[in-house]
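Raw final_25.cif, mmCIF, C-alpha atoms:
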```cif
data_run
#
loop_
_atom_site.label_atom_id
_atom_site.label_comp_id
_atom_site.auth_asym_id
_atom_site.auth_seq_id
_atom_site.Cartn_x
_atom_site.Cartn_y
_atom_site.Cartn_z
CA ILE A 1 0.92 -98.81 21.17
CA VAL A 2 1.48 -99.80 24.81
CA TRP A 3 -1.31 -102.01 26.19
CA ARG A 4 -2.23 -101.92 29.87
CA THR A 5 -3.63 -104.91 31.72
CA ASN A 6 -5.99 -102.76 33.81
CA MET A 7 -7.60 -101.01 30.86
CA SER A 8 -11.40 -100.99 30.52
CA ARG A 9 -13.31 -102.13 27.44
CA TYR A 10 -16.97 -101.20 27.04
CA HIS A 11 -19.54 -102.47 24.49
CA PHE A 12 -23.04 -101.18 23.90
CA PRO A 13 -25.43 -102.82 23.55
CA ILE A 14 -24.10 -105.87 25.39
CA GLU A 15 -26.55 -108.54 24.23
CA GLU A 16 -26.97 -107.69 20.55
CA PHE A 17 -23.53 -106.35 19.66
CA SER A 18 -22.52 -107.80 16.28
CA THR A 19 -19.33 -107.29 14.33
CA ASN A 20 -21.27 -107.99 11.13
CA GLU A 21 -22.64 -104.46 11.30
CA LEU A 22 -20.76 -101.19 11.04
CA TYR A 23 -19.49 -100.13 14.44
CA VAL A 24 -17.06 -97.61 15.87
CA ARG A 25 -14.10 -98.20 18.19
CA PHE A 26 -13.03 -95.27 20.35
CA GLN A 27 -9.58 -95.89 21.81
CA ILE A 28 -8.36 -93.56 24.55
CA PHE A 29 -4.63 -92.89 24.92
CA GLU A 30 -2.39 -90.90 27.17
CA PRO A 31 -1.46 -87.66 25.36
CA VAL A 32 1.67 -87.33 23.27
CA SER A 33 2.63 -84.69 20.71
CA ASN A 34 2.82 -85.35 16.98
CA LEU A 35 5.20 -82.41 16.60
CA LEU A 36 8.02 -84.63 17.86
CA ASN A 37 7.41 -86.95 14.92
CA GLU A 38 9.93 -86.30 12.15
CA THR A 39 7.60 -87.03 9.21
CA GLN A 40 4.36 -85.79 10.85
CA SER A 41 2.55 -88.05 8.38
CA LYS A 42 1.71 -90.75 10.91
CA ASP A 43 0.06 -90.23 14.28
CA ARG A 44 1.89 -91.04 17.51
CA PHE A 45 0.03 -92.37 20.54
CA GLY A 46 0.86 -92.88 24.20
CA PRO A 47 -0.19 -95.91 26.25
CA LEU A 48 -3.70 -97.23 25.57
CA LEU A 49 -6.04 -96.59 28.52
CA ASP A 50 -9.60 -97.62 27.56
CA GLU A 51 -11.71 -98.74 24.61
CA ILE A 52 -15.37 -98.10 23.80
CA PHE A 53 -17.27 -99.99 21.08
CA LEU A 54 -20.55 -98.56 19.80
CA HIS A 55 -22.68 -99.30 16.78
CA ALA A 56 -22.65 -96.74 13.97
CA PRO A 57 -24.27 -93.51 15.17
CA ASN A 58 -27.41 -91.88 13.83
CA GLN A 59 -25.22 -89.18 12.31
CA ILE A 60 -21.57 -89.14 11.24
CA GLN A 61 -20.25 -85.75 10.16
CA GLU A 62 -16.77 -84.77 9.05
CA GLY A 63 -15.83 -81.10 8.93
CA ASN A 64 -13.11 -79.91 6.56
CA SER A 65 -12.36 -76.19 6.30
CA HIS A 66 -9.48 -73.95 5.32
CA ARG A 67 -8.23 -70.46 6.04
CA TYR A 68 -7.94 -68.02 3.15
CA LYS A 69 -7.15 -64.31 3.13
CA VAL A 70 -8.59 -61.89 0.57
CA VAL A 71 -5.84 -59.90 -1.14
CA ASN A 72 -6.42 -56.89 -3.40
CA GLY A 73 -4.56 -57.11 -6.68
CA ARG A 74 -4.83 -53.38 -7.39
CA ILE A 75 -3.09 -52.49 -4.11
CA ILE A 76 -0.39 -55.07 -4.76
CA ALA A 77 0.16 -53.58 -8.21
CA ALA A 78 0.23 -50.09 -6.70
CA ILE A 79 2.81 -51.08 -4.11
CA SER A 80 4.85 -52.69 -6.85
CA ASN A 81 4.71 -49.42 -8.78
CA VAL A 82 5.72 -47.40 -5.73
CA SER A 83 8.76 -49.59 -5.18
CA ASP A 84 9.87 -49.00 -8.78
CA THR A 85 11.83 -45.77 -8.28
CA THR A 86 12.96 -45.69 -11.88
CA SER A 87 9.64 -44.26 -13.01
CA ILE A 88 8.12 -41.15 -11.39
CA ALA A 89 4.92 -41.72 -13.38
CA ASP A 90 4.58 -45.22 -11.96
CA ILE A 91 5.15 -43.92 -8.44
CA PHE A 92 2.36 -41.34 -8.72
CA GLY A 93 0.16 -43.82 -10.53
CA GLY A 94 0.63 -46.33 -7.72
CA LEU A 95 -0.11 -43.71 -5.07
CA ALA A 96 -3.27 -42.75 -6.94
CA GLN A 97 -4.44 -46.35 -6.99
CA ILE A 98 -3.78 -46.74 -3.27
CA ALA A 99 -5.64 -43.50 -2.54
CA GLU A 100 -8.57 -44.71 -4.65
CA ASN A 101 -8.82 -47.85 -2.57
CA VAL A 102 -8.91 -45.96 0.70
CA LEU A 103 -11.29 -43.16 -0.31
CA PRO A 104 -14.02 -42.37 2.23
CA SER A 105 -17.17 -44.30 1.40
CA ALA A 106 -19.18 -41.13 0.75
CA VAL A 107 -16.77 -40.01 -1.98
CA GLU A 108 -16.66 -43.51 -3.44
CA ASN A 109 -20.45 -43.74 -3.45
CA ALA A 110 -20.75 -40.36 -5.14
CA MET A 111 -18.35 -41.42 -7.86
CA GLY A 112 -20.38 -44.60 -8.41
CA ILE A 113 -23.67 -42.70 -8.64
CA ILE A 114 -22.28 -40.18 -11.14
CA SER A 115 -20.59 -42.74 -13.36
CA GLN A 116 -23.02 -45.64 -12.71
CA THR A 117 -20.02 -47.91 -12.33
CA VAL A 118 -18.46 -49.86 -9.50
CA GLN A 119 -14.83 -50.53 -8.83
CA ASN A 120 -13.53 -53.92 -9.82
CA PRO A 121 -11.77 -54.93 -6.60
CA GLN A 122 -9.49 -57.41 -8.39
CA GLU A 123 -9.44 -59.56 -5.28
CA GLU A 124 -8.03 -63.04 -4.89
CA GLN A 125 -8.15 -65.71 -2.21
CA LEU A 126 -4.68 -66.31 -0.76
CA TYR A 127 -4.36 -69.67 0.96
CA GLN A 128 -3.10 -69.58 4.55
CA ALA A 129 -3.58 -72.99 6.21
CA PRO A 130 -6.05 -75.81 6.82
CA ASN A 131 -8.21 -75.65 9.93
CA PHE A 132 -8.28 -78.54 12.35
CA ARG A 133 -10.65 -81.19 11.00
CA THR A 134 -13.64 -82.18 13.15
CA HIS A 135 -15.67 -85.39 13.49
CA SER A 136 -19.15 -85.33 15.01
CA PHE A 137 -21.26 -88.29 16.14
CA SER A 138 -24.88 -88.24 17.28
CA TYR A 139 -26.23 -91.26 19.15
CA GLU A 140 -29.69 -92.23 20.38
CA LEU A 141 -29.04 -95.06 22.82
CA ALA A 142 -31.63 -97.20 24.62
CA ALA A 143 -30.69 -99.70 27.33
CA THR A 144 -32.91 -102.82 27.31
CA SER A 145 -31.56 -104.35 30.53
CA ASN A 146 -29.89 -103.44 33.80
CA ALA A 147 -26.57 -104.62 32.35
CA ASP A 148 -27.01 -102.38 29.32
CA ALA A 149 -27.87 -99.44 31.56
CA ILE A 150 -24.69 -99.98 33.59
CA ALA A 151 -22.59 -100.24 30.43
CA LEU A 152 -24.20 -97.08 28.99
CA ASP A 153 -23.55 -95.18 32.22
CA ASN A 154 -19.90 -96.28 32.18
CA ILE A 155 -19.54 -95.13 28.56
CA VAL A 156 -21.03 -91.71 29.32
CA ARG A 157 -18.75 -91.31 32.34
CA THR A 158 -15.68 -92.41 30.35
CA PHE A 159 -16.29 -89.97 27.49
CA ARG A 160 -17.00 -87.12 29.91
CA LYS A 161 -13.98 -87.82 32.11
CA ASN A 162 -11.55 -88.00 29.21
CA SER A 163 -12.65 -84.65 27.81
CA TYR A 164 -11.21 -82.97 30.91
CA PRO A 165 -7.63 -82.36 32.12
CA SER A 166 -6.16 -83.85 35.30
CA GLU A 167 -4.79 -82.15 38.36
CA ILE A 168 -1.09 -82.25 39.16
CA PHE A 169 0.23 -82.60 42.68
CA GLU A 170 3.73 -81.57 43.68
CA GLY A 171 4.18 -83.66 46.78
CA ALA A 172 1.15 -82.88 48.93
CA GLU A 173 0.56 -79.53 47.24
CA LEU A 174 -1.79 -78.98 44.31
CA SER A 175 0.04 -77.53 41.32
CA THR A 176 -1.23 -74.53 39.37
CA ARG A 177 -0.96 -76.59 36.16
CA PHE A 178 -3.08 -79.33 34.54
CA THR A 179 -2.09 -82.34 32.51
CA VAL A 180 -3.78 -82.09 29.11
CA PRO A 181 -6.81 -84.33 28.37
CA ASN A 182 -6.33 -87.77 26.88
CA GLN A 183 -6.43 -88.37 23.12
CA PHE A 184 -8.61 -90.57 20.92
CA LYS A 185 -8.17 -92.85 17.97
CA ILE A 186 -11.46 -93.48 16.14
CA THR A 187 -11.77 -96.49 13.84
CA PHE A 188 -14.74 -97.66 11.77
CA LEU A 189 -14.96 -101.45 11.75
CA GLN A 190 -17.00 -104.18 10.12
CA LYS A 191 -16.49 -107.93 10.39
CA GLY A 192 -13.13 -107.31 12.01
CA LYS A 193 -11.72 -105.56 8.93
CA GLU A 194 -10.07 -102.56 10.49
CA GLY A 195 -10.03 -99.46 8.34
CA LYS A 196 -11.85 -101.22 5.47
CA VAL A 197 -15.20 -99.43 5.75
CA VAL A 198 -15.53 -97.55 2.47
CA GLY A 199 -16.71 -93.96 2.33
CA VAL A 200 -16.79 -93.09 6.03
CA GLY A 201 -13.31 -91.64 6.32
CA VAL A 202 -10.31 -92.16 8.58
CA PRO A 203 -10.12 -89.73 11.51
CA ALA A 204 -6.64 -88.73 12.61
CA LYS A 205 -5.71 -88.47 16.29
CA CYS A 206 -8.33 -86.41 18.11
CA VAL A 207 -9.31 -84.78 21.36
CA LEU A 208 -12.91 -84.66 22.59
CA THR A 209 -13.80 -80.97 22.32
CA GLY A 210 -17.58 -81.24 22.64
CA PHE A 211 -19.61 -83.63 24.81
CA ASN A 212 -23.36 -83.15 25.17
CA VAL A 213 -25.62 -85.69 26.83
CA ASN A 214 -29.41 -85.72 27.06
CA PHE A 215 -30.76 -88.01 29.77
CA SER A 216 -34.34 -87.46 28.55
CA GLY A 217 -34.04 -89.32 25.25
CA ALA A 218 -37.53 -90.76 25.72
CA GLY A 219 -39.04 -87.32 26.29
CA LYS A 220 -38.57 -87.59 30.05
CA PRO A 221 -35.96 -89.19 32.33
CA VAL A 222 -36.45 -92.97 32.55
CA MET A 223 -34.29 -94.94 34.99
CA TYR A 224 -33.81 -98.59 35.89
CA LYS A 225 -34.02 -99.70 39.54
CA ASN A 226 -30.24 -99.33 39.77
CA GLY A 227 -30.64 -95.61 39.02
CA LYS A 228 -28.98 -95.84 35.59
CA PRO A 229 -30.67 -94.06 32.65
CA ALA A 230 -32.55 -96.15 30.09
CA PHE A 231 -32.46 -93.61 27.24
CA VAL A 232 -29.49 -91.38 26.50
CA ASN A 233 -28.71 -89.16 23.51
CA LEU A 234 -25.03 -88.40 22.97
CA ASP A 235 -23.53 -85.69 20.78
CA LEU A 236 -19.74 -86.02 20.49
CA THR A 237 -17.44 -83.61 18.69
CA PHE A 238 -13.82 -84.59 18.17
CA THR A 239 -11.15 -82.22 16.84
CA GLU A 240 -7.95 -83.56 15.32
CA THR A 241 -4.83 -82.58 17.21
CA ASN A 242 -2.73 -81.60 14.18
CA LEU A 243 -3.19 -79.92 10.83
CA LEU A 244 -3.35 -82.34 7.92
CA HIS A 245 -1.58 -82.31 4.58
CA GLN A 246 -2.11 -84.42 1.47
CA ARG A 247 0.42 -87.08 2.46
CA HIS A 248 -1.01 -87.68 5.94
CA GLU A 249 -2.21 -91.24 6.47
CA ALA A 250 -5.69 -90.00 7.47
CA LEU A 251 -6.26 -88.67 3.94
CA ASN A 252 -4.97 -91.74 2.10
#
```
Here is a file; write its structure as structure tokens.
Amino acid sequence: IVWRTNMSRYHFPIEEFSTNELYVRFQIFEPVSNLLNETQSKDRFGPLLDEIFLHAPNQIQEGNSHRYKVVNGRIIAAISNVSDTTSIADIFGGLAQIAENVLPSAVENAMGIISQTVQNPQEEQLYQAPNFRTHSFSYELAATSNADAIALDNIVRTFRKNSYPSEIFEGAELSTRFTVPNQFKITFLQKGKEGKVVGVGVPAKCVLTGFNVNFSGAGKPVMYKNGKPAFVNLDLTFTETNLLHQRHEALN
């Protein structure tokens, strides 16, 4: 990790922030690809840009899902029979099974009504790949001072800004391309013991794919004299940048 001297570090709340409680550190890095990593079991990060420290949110959700494809065993068996040219009976038997699976629904329904049976589809789930894991955080934040309101506003602006790409200039001309948004490392902490919070999980490198902010957390907008909001609800959705496997450090 490359540290920068001009990086920003935000805490909320300022006055009552305690490392004795569960809190979350959001580190923001310049983007770099994991695909250039030989093992792809450990995340790579660019230079560290900013850090945000917040207490544990009202909701922490981790989304794990996988892609499967339904395959039909009877069609597979039929194709296998068709490819076996040593047996004419098997060829016609396979063709019959394929035809049975592609019969018009009216004919199939009529057969079912007459026989009072349904076709066993002999289907199976064929694994394809994991989906990108997601991590969602819901916050209800209340600033109790002008300083807290300023810090909260800076945090909202920092999250929002880093969910977007940057423009590229080629000399004085604006390029038709963007630089990709910055990346996040999310760590659950307690009493300074990094990564030792049991049961909350270890997010891998993420991008901020969903950022929703409600400035009416008190039922209506409430502002301090400096114009900063007093009550803000944040809903953050992070999506990991790479597909995981069982040996990845985020699952161990």
Exercise. Run the PyMOL selection byres ((chain A and resi 33) around 12) against the file shown and list the residues it catches, as a count of residues only.
Key: 24
May I have the centre and edge lengths, in Å to one decimal, of an axis-aligned box around the listed atoms of stretch 63-67 of chain A with 3 Å added to every side, as JSON?
```
{"center_x": -12.0, "center_y": -75.8, "center_z": 7.1, "size_x": 13.6, "size_y": 16.6, "size_z": 9.6}
```
Exercise. Would you kindly return, as a PyMOL selection string, each protein, DNA or RNA residue with an atom no farther than 10 Å from any atom of A:Glu124, considering only C-alpha atoms and excluding same-chain residues fewer than 3 positions away?
Key: chain A and resi 68-73+121+127
Exercise. Considering all atoms listed in the file, state which residue in the set A:Thr239, A:Asn146, A:Asn6, A:Gln61 is at the smallest distance from A:Ser163.
Key: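 Result for the nearest residue to A:Ser163: A:Thr239.
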Quiz item: Hey, which of A:Thr158, A:Thr117, A:Ser145, A:Ser216 ends up closest to A:Phe184? Count only C-alpha atoms.
Solution: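 Answer, going by the shortest atom-to-atom distance: A:Thr158.
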Practice problem: Please evaluate the PyMOL selection byres ((chain A and resi 9-15) around 7) against the displayed coordinates and give the resulting residues as a list in words. | Solution: Met7, Ser8, Glu16, Phe17, Asp50, Glu51, Ile52, Phe53, Leu54, Asp148, Ala151, Leu152 and Ile155 of chain A
Exercise. Please evaluate the PyMOL selection byres ((chain A and resi 141) around 9) against the structure above and give the resulting residues as a PyMOL selection string.
Key: chain A and resi 12-13+139-140+142-143+152+217+230-234
Practice problem: For atom CA of A:His135 and atom CA of A:Thr179, determine how far apart the two atoms are, in Å to one decimal place. | Solution: 23.6 Å
Exercise. Tell me which protein, DNA and RNA residues are within 9 Å of A:Ala129, counting all atoms listed in the file, leaving out same-chain ones fewer than 4 positions away, and put them as a PyMOL selection string.
Key: chain A and resi 66-68+243
Self-check item: Among the residues A:Leu49, A:Leu251, A:Leu189, A:Ile113, the one that comes closest to A:Asn162 [using all atoms listed in the file]
Solution: A:Leu49
Practice problem: Using all atoms listed in the file, find the one residue out of A:Gln116, A:Thr176, A:Ser65, A:Gln246 that sits nearest to A:Gln128. | Solution: A:Ser65
Exercise. Rounded to one decimal place, report the atom CA of A:Thr187-atom CA of A:Pro229 distance in Å.
Key: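 One can read the atom CA of A:Thr187 to atom CA of A:Pro229 distance as 26.8 Å.
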Quiz item: What does the distance from atom CA of A:Pro203 to atom CA of A:Phe215 come to in Å, to one decimal?
Solution: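 Separation of atom CA of A:Pro203 and atom CA of A:Phe215: 27.6 Å.
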Quiz item: Nearest to A:Phe238 among A:Thr209, A:Gln125, A:Ser138, A:Asn109, with distances taken over only C-alpha atoms: which residue is it?
Solution: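 The shortest atom-to-atom distance to A:Phe238 comes from A:Thr209.
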Self-check item: Contact residues around A:Asp235 with only C-alpha atoms at 8 Å, ignoring same-chain residues under 4 positions, as an NGL selection string
Solution: :A and (136-139 or 210-213)
Quiz item: Do you know which residues are at most 12 Å from A:Gly201 counting only C-alpha atoms, after dropping those on the same chain fewer than 6 positions away, and could you put them as number ranges by chain?
Solution: A: 24, 60-64, 133-135, 186-189, 195, 249-252
Quiz prompt | Among listed residues A:Gly112, A:Gly227, A:Pro130, A:Pro181, nearest A:Ile150 (using only C-alpha atoms) | solution =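 Smallest separation from A:Ile150 among the options: A:Gly227.
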Rebuild stretch 138-159 of chain A to N, CA, C and O atoms - output it as a compact mmCIF listing (two decimals), in the coordinates of the input, please.
```txt
# COMPACT_ATOMS: atom_id res chain seq x y z
N SER A 138 -23.64 -88.39 16.51
CA SER A 138 -24.88 -88.24 17.28
C SER A 138 -25.47 -89.62 17.51
O SER A 138 -25.72 -90.36 16.54
N TYR A 139 -25.70 -89.95 18.77
CA TYR A 139 -26.23 -91.26 19.15
C TYR A 139 -27.56 -91.12 19.88
O TYR A 139 -27.73 -90.22 20.70
N GLU A 140 -28.48 -92.03 19.58
CA GLU A 140 -29.69 -92.23 20.38
C GLU A 140 -29.62 -93.65 20.92
O GLU A 140 -29.79 -94.62 20.19
N LEU A 141 -29.35 -93.77 22.22
CA LEU A 141 -29.04 -95.06 22.82
C LEU A 141 -30.14 -95.44 23.82
O LEU A 141 -30.56 -94.62 24.64
N ALA A 142 -30.58 -96.69 23.73
CA ALA A 142 -31.63 -97.20 24.62
C ALA A 142 -31.16 -98.48 25.27
O ALA A 142 -30.84 -99.45 24.57
N ALA A 143 -31.09 -98.50 26.58
CA ALA A 143 -30.69 -99.70 27.33
C ALA A 143 -31.91 -100.59 27.53
O ALA A 143 -32.97 -100.13 27.99
N THR A 144 -31.78 -101.88 27.20
CA THR A 144 -32.91 -102.82 27.31
C THR A 144 -32.76 -103.75 28.52
O THR A 144 -33.56 -104.67 28.67
N SER A 145 -31.76 -103.52 29.34
CA SER A 145 -31.56 -104.35 30.53
C SER A 145 -30.74 -103.57 31.54
O SER A 145 -30.14 -102.53 31.22
N ASN A 146 -30.71 -104.07 32.78
CA ASN A 146 -29.89 -103.44 33.80
C ASN A 146 -28.42 -103.43 33.40
O ASN A 146 -27.71 -102.45 33.61
N ALA A 147 -27.97 -104.54 32.79
CA ALA A 147 -26.57 -104.62 32.35
C ALA A 147 -26.26 -103.58 31.29
O ALA A 147 -25.19 -102.95 31.31
N ASP A 148 -27.19 -103.41 30.33
CA ASP A 148 -27.01 -102.38 29.32
C ASP A 148 -26.96 -100.99 29.94
O ASP A 148 -26.17 -100.14 29.54
N ALA A 149 -27.82 -100.75 30.91
CA ALA A 149 -27.87 -99.44 31.56
C ALA A 149 -26.56 -99.14 32.28
O ALA A 149 -26.06 -98.02 32.25
N ILE A 150 -25.97 -100.16 32.91
CA ILE A 150 -24.69 -99.98 33.59
C ILE A 150 -23.59 -99.68 32.57
O ILE A 150 -22.76 -98.78 32.77
N ALA A 151 -23.59 -100.46 31.47
CA ALA A 151 -22.59 -100.24 30.43
C ALA A 151 -22.72 -98.84 29.83
O ALA A 151 -21.72 -98.14 29.59
N LEU A 152 -23.96 -98.41 29.56
CA LEU A 152 -24.20 -97.08 28.99
C LEU A 152 -23.73 -95.99 29.95
O LEU A 152 -23.10 -95.00 29.53
N ASP A 153 -24.00 -96.16 31.23
CA ASP A 153 -23.55 -95.18 32.22
C ASP A 153 -22.03 -95.11 32.26
O ASP A 153 -21.44 -94.02 32.34
N ASN A 154 -21.36 -96.26 32.19
CA ASN A 154 -19.90 -96.28 32.18
C ASN A 154 -19.34 -95.58 30.95
O ASN A 154 -18.32 -94.88 31.02
N ILE A 155 -20.00 -95.77 29.80
CA ILE A 155 -19.54 -95.13 28.56
C ILE A 155 -19.68 -93.62 28.65
O ILE A 155 -18.75 -92.87 28.29
N VAL A 156 -20.82 -93.15 29.16
CA VAL A 156 -21.03 -91.71 29.32
C VAL A 156 -19.97 -91.13 30.25
O VAL A 156 -19.35 -90.09 29.96
N ARG A 157 -19.73 -91.80 31.37
CA ARG A 157 -18.75 -91.31 32.34
C ARG A 157 -17.33 -91.30 31.74
O ARG A 157 -16.55 -90.38 31.99
N THR A 158 -17.02 -92.32 30.94
CA THR A 158 -15.68 -92.41 30.35
C THR A 158 -15.45 -91.31 29.34
O THR A 158 -14.39 -90.66 29.34
N PHE A 159 -16.42 -91.06 28.45
CA PHE A 159 -16.29 -89.97 27.49
C PHE A 159 -16.14 -88.64 28.23
O PHE A 159 -15.26 -87.83 27.91
```
